[in-house]
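**Student:** Below are the structure tokens for one structure; questions will follow.
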Amino acid sequence: MKVRFKSNSFVIALSAVVLGLIAGGIFMAMIGSDPFEGFLYLFKGGLMNIERIGNTIATATTLILVGLSVSFAFKTGLFNIGASGQMLIGGLCATLVAHFVNIPRPLYLVVLIAAALVGGAIWGIIPGLLKAKFNVHEVVATIMMNWIAYWSIFYFVPAFLKGPFLETESKSILLEKSLRAAWLNKLFGGSQYINLGIFVAIVAIILIKFILDKTTLGFELKAVGSNRYCAEYAGIRVNRNVIISMMIAGGLAGLAGMVFYTGYASNMQIGVMPSMGFDGIAVALLGASNPIGVFFSGFFFGLLQSGKGFMNAMTDVPPEIADTIIATIIYFTATSVLFKRFWDWVARLLSVKFDKKGGN
Amino acid sequence: MSNNNNTPRIWIRVTQLLKSWKDKLLKRSLRGWIFPILIIALLVLVIIGSANTLVRRIAPYAIAFTIPMLMASLGGLYSERSGVTNLGLEGLMLVGYFATAVTIKLTESTGALWVVPLGLFIGFLAGAMFSLLHAFASINLKADQVISGTAINMLASALTVYLARIIAGSGNVRVMMVINRNDIPGLVNIPILGPLFFTQSYWSTWVALGIWALSWVLLYKTSFGLRLRACGEHPSAVASAGINVYGMRYFGVLMSGALAGLGGGIILVTYSGEFNGTVAGLGFLSIAALIFGQWKPLGILGATFFFGIATTIANVSMVIPEFGVIPPVIFKVFPYVVTLLALVAFSKNSAAPKASGEPF
């Protein structure tokens, strides 16, 4: 019997992660730190006690939602590199609601979520429309949208939401207007960052999984993603699906913005392009664009991001090592054909051995 | 056709010439003319405005902002013309910015004349070295160039700050030796043009313009340039003519890294004077300029200058009341919006290299 071992996307993603961690270790060793100690503190910083676990979950929440956004667009064959801009606009809409809407909390939360969804969706639908109507490449269009959002916020926030002390950030929202909940903070040992966003993320994952696997819309989206000409031939309206896909992806990134700006943080800083928008690409790639995979890979990257402060305090390693590791993992995912070749070669080697031993 | 025999030959020739010119004029689409017209219009405006002290005051700043963008955009031109999309320009600029800062920091105690040129050269080399990552992924491994470019951006922004913390102790590297502004002797006395272009200029500006001119000659007037451009249009045809497509594309990507790195270095030695871990979207602005300039040397010169003026007006509008009437956000957002509009307007007959972004 032949050993059937084929490299699948999970093995390849795992290889990229391992190599990324090794590269991180090399960077630590390069500056004379002990990589094992560095990683120990990195993971300890994210998981040491219940409070830190809460912080890790809070960091992961944003990443999960952005990863979901990127992977949803991936399913339709689109590359949503504009999650940062969609986050900014979604976050801005949520911040505006938090400042100016005074209604009972359950209703308020609905309005907050709706505002962020709509804000992000508008920012996502524009590249979708441009792609569908004018065949403008969505990568370029979303990059432009990112910077339009960046500069709009840069001037909008100081003009309309200026904080009392600094020119560069908005007024803090009231605690009872944020996504934080006292019982949740207590549950996680007083974690400052854990918020209701994690439930939004879980609901979003279930909904997206349902849409993709159980609905006609999901089938059409995936069909467009795997072969748009075939889909067109089968009578699927490709352009409509492109627009819907970018709209939903934008909405998800908008939710991520809400979770970050009104849950994790309590105000918006100007002049900062949220790096989570790009980390989300890593989350989606590692999660193989599968909602459940995105959930776990979001946690993994959240762990790296949340433990870096503690590691920096305990060792000489600068906190940017976490971002370096994430970037390296993305690079190795892009070059995954190398691992595919490697694992296929290993598989061939193994099968030859087995053939010799067992016959047939 | 006795009529024809009677007409003098020279007249036939002239009418033929006129007809061909008319055909050319009619056939050439808007795209062929828009940039020459734009540049002439700009020059006329600038010359009219030169009587105005305001224009005279901002012209040196506009030029200073334009040059780094021009270099990165020109790099993008090399890469895209050879058939490789390079979204990593932002990161490559950052690498050059960092390498130049570190080089000058380490050597400036000598106080020698060669410190700044050496710094720029190291920035140039560092950009080229870093772009090897992108070249290897997108040429040899046929990886997704968008993902690889994004990874380059993330890696650069994490790694440079990481190294800066180790080398300089903090994320910022401040240098003392930069390029001094000088009036160009002789030329500064030219009536109108002198005060606009030759006062308070950096020598790096003239080096950059020289590189631009040389690149134009190389890409459009030599057989090497023809081959390189052909690699971006129809690589298999080039390969069948016995030309090494991989080599050409490596050259294109390395030049993009080198020029973007040089652009980053120029930021440091002209208006910044300090490495601070970000080039604030200038690399993406260069990509926008490349698209708005329709992948042509003259086009990108016009586009970068246009964007440079817009950026300058936005930056100075706080201090110069004449510009206060228009909100600065308009000028900041303007480059991205016009790029989107250009993409829409030219979507039917795009000038983008046909094989750009496609592995060979």
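Letters for chains follow the order of the structure tokens (A, B, ...), residue numbers begin at 1 for each chain, and ligand numbers begin at 1 in the order shown.
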Compile the residues of chain A that lie within 6 Å of chain B, evaluated using only C-alpha atoms, and express the compilation as a ChimeraX atom specification.
**Tutor:** /A:134,144,148,318,320,323-324,327,330-331,334-335
**Student:** Determine, counting only C-alpha atoms, which protein, DNA and RNA residues have an atom within 6 Å of an atom of range 65-69 of chain A; residues of the same chain fewer than 5 positions away are not included. Present the result as a PyMOL selection string.
**Tutor:** chain A and resi 201+249+252-253+256+280+283-284
**Student:** Keeping only N, CA, C and O atoms, write the selected residues as a CSV table (one decimal), in the first residue's frame.
**Tutor:**
chain,number,residue,atom,x,y,z
A,201,ALA,N,-17.5,38.9,17.5
A,201,ALA,CA,-16.6,38.1,16.6
A,201,ALA,C,-17.2,36.7,16.4
A,201,ALA,O,-17.2,36.1,15.3
A,249,ALA,N,-17.2,42.2,3.3
A,249,ALA,CA,-15.8,42.2,3.8
A,249,ALA,C,-15.6,43.6,4.5
A,249,ALA,O,-15.0,43.6,5.6
A,252,LEU,N,-17.3,43.7,7.8
A,252,LEU,CA,-16.6,43.0,8.9
A,252,LEU,C,-15.4,43.8,9.4
A,252,LEU,O,-15.2,43.8,10.6
A,253,ALA,N,-14.7,44.4,8.5
A,253,ALA,CA,-13.5,45.2,8.9
A,253,ALA,C,-14.1,46.4,9.7
A,253,ALA,O,-13.4,46.8,10.7
A,256,ALA,N,-14.5,45.3,13.1
A,256,ALA,CA,-13.2,45.3,13.7
A,256,ALA,C,-12.8,46.6,14.3
A,256,ALA,O,-12.2,46.8,15.4
A,280,GLY,N,-4.3,41.2,9.6
A,280,GLY,CA,-5.4,40.4,9.2
A,280,GLY,C,-5.2,39.5,8.0
A,280,GLY,O,-5.7,38.5,7.8
A,283,VAL,N,-3.6,36.6,9.3
A,283,VAL,CA,-4.6,35.7,10.0
A,283,VAL,C,-5.4,34.9,8.9
A,283,VAL,O,-5.6,33.7,9.1
A,284,ALA,N,-5.8,35.6,7.9
A,284,ALA,CA,-6.6,34.9,6.8
A,284,ALA,C,-5.8,33.8,6.1
A,284,ALA,O,-6.2,32.7,5.9
**Student:** If we count only C-alpha atoms and set the cut-off at 10 Å, which residues sit around Met311 in chain A, ignoring sequence neighbours fewer than 4 positions away in its own chain? Please answer as number ranges by chain.
**Tutor:** A: 37-46, 306-307, 315-319, 321-322
**Student:** Could you pull the residues within 8 Å of Met248 in chain B, counting only C-alpha atoms, minus those fewer than 6 positions along the same chain, as an MDAnalysis selection string?
**Tutor:** chainID B and resid 82 227:228 231
**Student:** Please determine, counting only C-alpha atoms, which residue among A:Gly91, A:Gly54, A:Gly309, A:Gly190 has the shortest atom-to-atom distance to Met258 in chain A.
**Tutor:**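 Checking each candidate against Met258 in chain A, we get A:Gly91 as the closest.
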**Student:** Looking at only C-alpha atoms, which of B:Val116, B:Ile179, B:Ala135, B:Leu45 is the one that sits closest to Asn86 in chain B?
**Tutor:**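 Smallest separation from Asn86 in chain B among the options: B:Ala135.
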**Student:** Applying 12 Å and only C-alpha atoms, which residues near Ser317 in chain B remain after dropping the ones on its own chain fewer than 2 positions away? List them as a ChimeraX atom specification.
**Tutor:** /B:54,58,309-315,319-332
**Student:** Near range 260-271 of chain A, within 6 Å and counting only C-alpha atoms, which residues show up once chain neighbours fewer than 5 positions away are dropped, as a PDB file with N, CA, C and O atoms, in the first residue's frame?
**Tutor:**
ATOM      1  N   GLY A  91     -14.685  52.440  12.700  1.00  0.00           N
ATOM      2  CA  GLY A  91     -14.370  52.932  14.038  1.00  0.00           C
ATOM      3  C   GLY A  91     -14.861  54.354  14.240  1.00  0.00           C
ATOM      4  O   GLY A  91     -15.367  54.707  15.305  1.00  0.00           O
ATOM      5  N   PHE A 154      -7.543  62.151   9.798  1.00  0.00           N
ATOM      6  CA  PHE A 154      -6.476  63.029  10.277  1.00  0.00           C
ATOM      7  C   PHE A 154      -6.997  64.451  10.487  1.00  0.00           C
ATOM      8  O   PHE A 154      -6.581  65.156  11.406  1.00  0.00           O
ATOM      9  N   THR A 168      -3.844  65.218  18.896  1.00  0.00           N
ATOM     10  CA  THR A 168      -3.718  64.069  18.005  1.00  0.00           C
ATOM     11  C   THR A 168      -4.671  62.934  18.347  1.00  0.00           C
ATOM     12  O   THR A 168      -4.574  61.874  17.769  1.00  0.00           O
ATOM     13  N   GLU A 169      -5.578  63.146  19.268  1.00  0.00           N
ATOM     14  CA  GLU A 169      -6.520  62.069  19.544  1.00  0.00           C
ATOM     15  C   GLU A 169      -7.898  62.634  19.856  1.00  0.00           C
ATOM     16  O   GLU A 169      -8.060  63.798  20.195  1.00  0.00           O
ATOM     17  N   SER A 170      -8.898  61.737  19.716  1.00  0.00           N
ATOM     18  CA  SER A 170     -10.264  62.194  19.941  1.00  0.00           C
ATOM     19  C   SER A 170     -10.581  62.143  21.431  1.00  0.00           C
ATOM     20  O   SER A 170      -9.869  61.534  22.221  1.00  0.00           O
ATOM     21  N   SER A 172     -12.130  60.902  24.750  1.00  0.00           N
ATOM     22  CA  SER A 172     -12.432  59.530  25.165  1.00  0.00           C
ATOM     23  C   SER A 172     -13.934  59.346  25.280  1.00  0.00           C
ATOM     24  O   SER A 172     -14.644  60.262  25.703  1.00  0.00           O
ATOM     25  N   ILE A 173     -14.381  58.148  24.913  1.00  0.00           N
ATOM     26  CA  ILE A 173     -15.810  57.895  25.082  1.00  0.00           C
ATOM     27  C   ILE A 173     -16.062  57.481  26.525  1.00  0.00           C
ATOM     28  O   ILE A 173     -15.166  57.015  27.236  1.00  0.00           O
ATOM     29  N   SER A 178     -18.828  52.351  26.033  1.00  0.00           N
ATOM     30  CA  SER A 178     -17.884  51.473  25.348  1.00  0.00           C
ATOM     31  C   SER A 178     -18.421  50.042  25.361  1.00  0.00           C
ATOM     32  O   SER A 178     -19.454  49.749  25.955  1.00  0.00           O
ATOM     33  N   LEU A 179     -17.699  49.186  24.688  1.00  0.00           N
ATOM     34  CA  LEU A 179     -18.111  47.788  24.607  1.00  0.00           C
ATOM     35  C   LEU A 179     -17.711  47.002  25.849  1.00  0.00           C
ATOM     36  O   LEU A 179     -17.997  45.825  25.958  1.00  0.00           O
ATOM     37  N   ARG A 180     -17.004  47.655  26.749  1.00  0.00           N
ATOM     38  CA  ARG A 180     -16.574  46.926  27.943  1.00  0.00           C
ATOM     39  C   ARG A 180     -17.761  46.657  28.856  1.00  0.00           C
ATOM     40  O   ARG A 180     -18.710  47.434  28.898  1.00  0.00           O
ATOM     41  N   TYR A 193      -8.970  45.337  28.964  1.00  0.00           N
ATOM     42  CA  TYR A 193      -9.232  45.431  27.533  1.00  0.00           C
ATOM     43  C   TYR A 193     -10.349  44.518  27.045  1.00  0.00           C
ATOM     44  O   TYR A 193     -10.944  44.780  26.018  1.00  0.00           O
ATOM     45  N   ASN A 195     -13.643  42.917  26.093  1.00  0.00           N
ATOM     46  CA  ASN A 195     -14.908  43.598  25.864  1.00  0.00           C
ATOM     47  C   ASN A 195     -15.881  42.691  25.121  1.00  0.00           C
ATOM     48  O   ASN A 195     -15.549  41.575  24.729  1.00  0.00           O
TER      49      ASN A 195
END
**Student:** Applying 12 Å and only C-alpha atoms, which residues near Ile244 in chain A remain after dropping the ones on its own chain fewer than 2 positions away? List them as JSON, numbers by chain.
**Tutor:** {"A": [72, 73, 76, 78, 121, 122, 124, 125, 126, 127, 128, 129, 131, 132, 217, 218, 220, 221, 224, 237, 238, 239, 240, 241, 242, 246, 247, 248, 249, 250, 251]}
**Student:** Select from range 74-293 of chain B everything DSSP, run on the backbone, classes as helix (DSSP H, G or I), then give the selection as a PyMOL selection string.
**Tutor:** chain B and resi 74-81+89-110+115-140+145-168+187-189+193-198+203-221+223-233+235-240+245-272+282-292
**Student:** Would you give me, as a PyMOL selection string, the residues in range 155-327 of chain B that DSSP reads as strand (DSSP E)?
**Tutor:** chain B and resi 173-174+274-275
**Student:** How far is it from CA of Leu94 in chain B to CA of Gly265 in chain B, in Å with one decimal?
**Tutor:**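 About the pair CA of Leu94 in chain B and CA of Gly265 in chain B: they are 8.5 Å apart.
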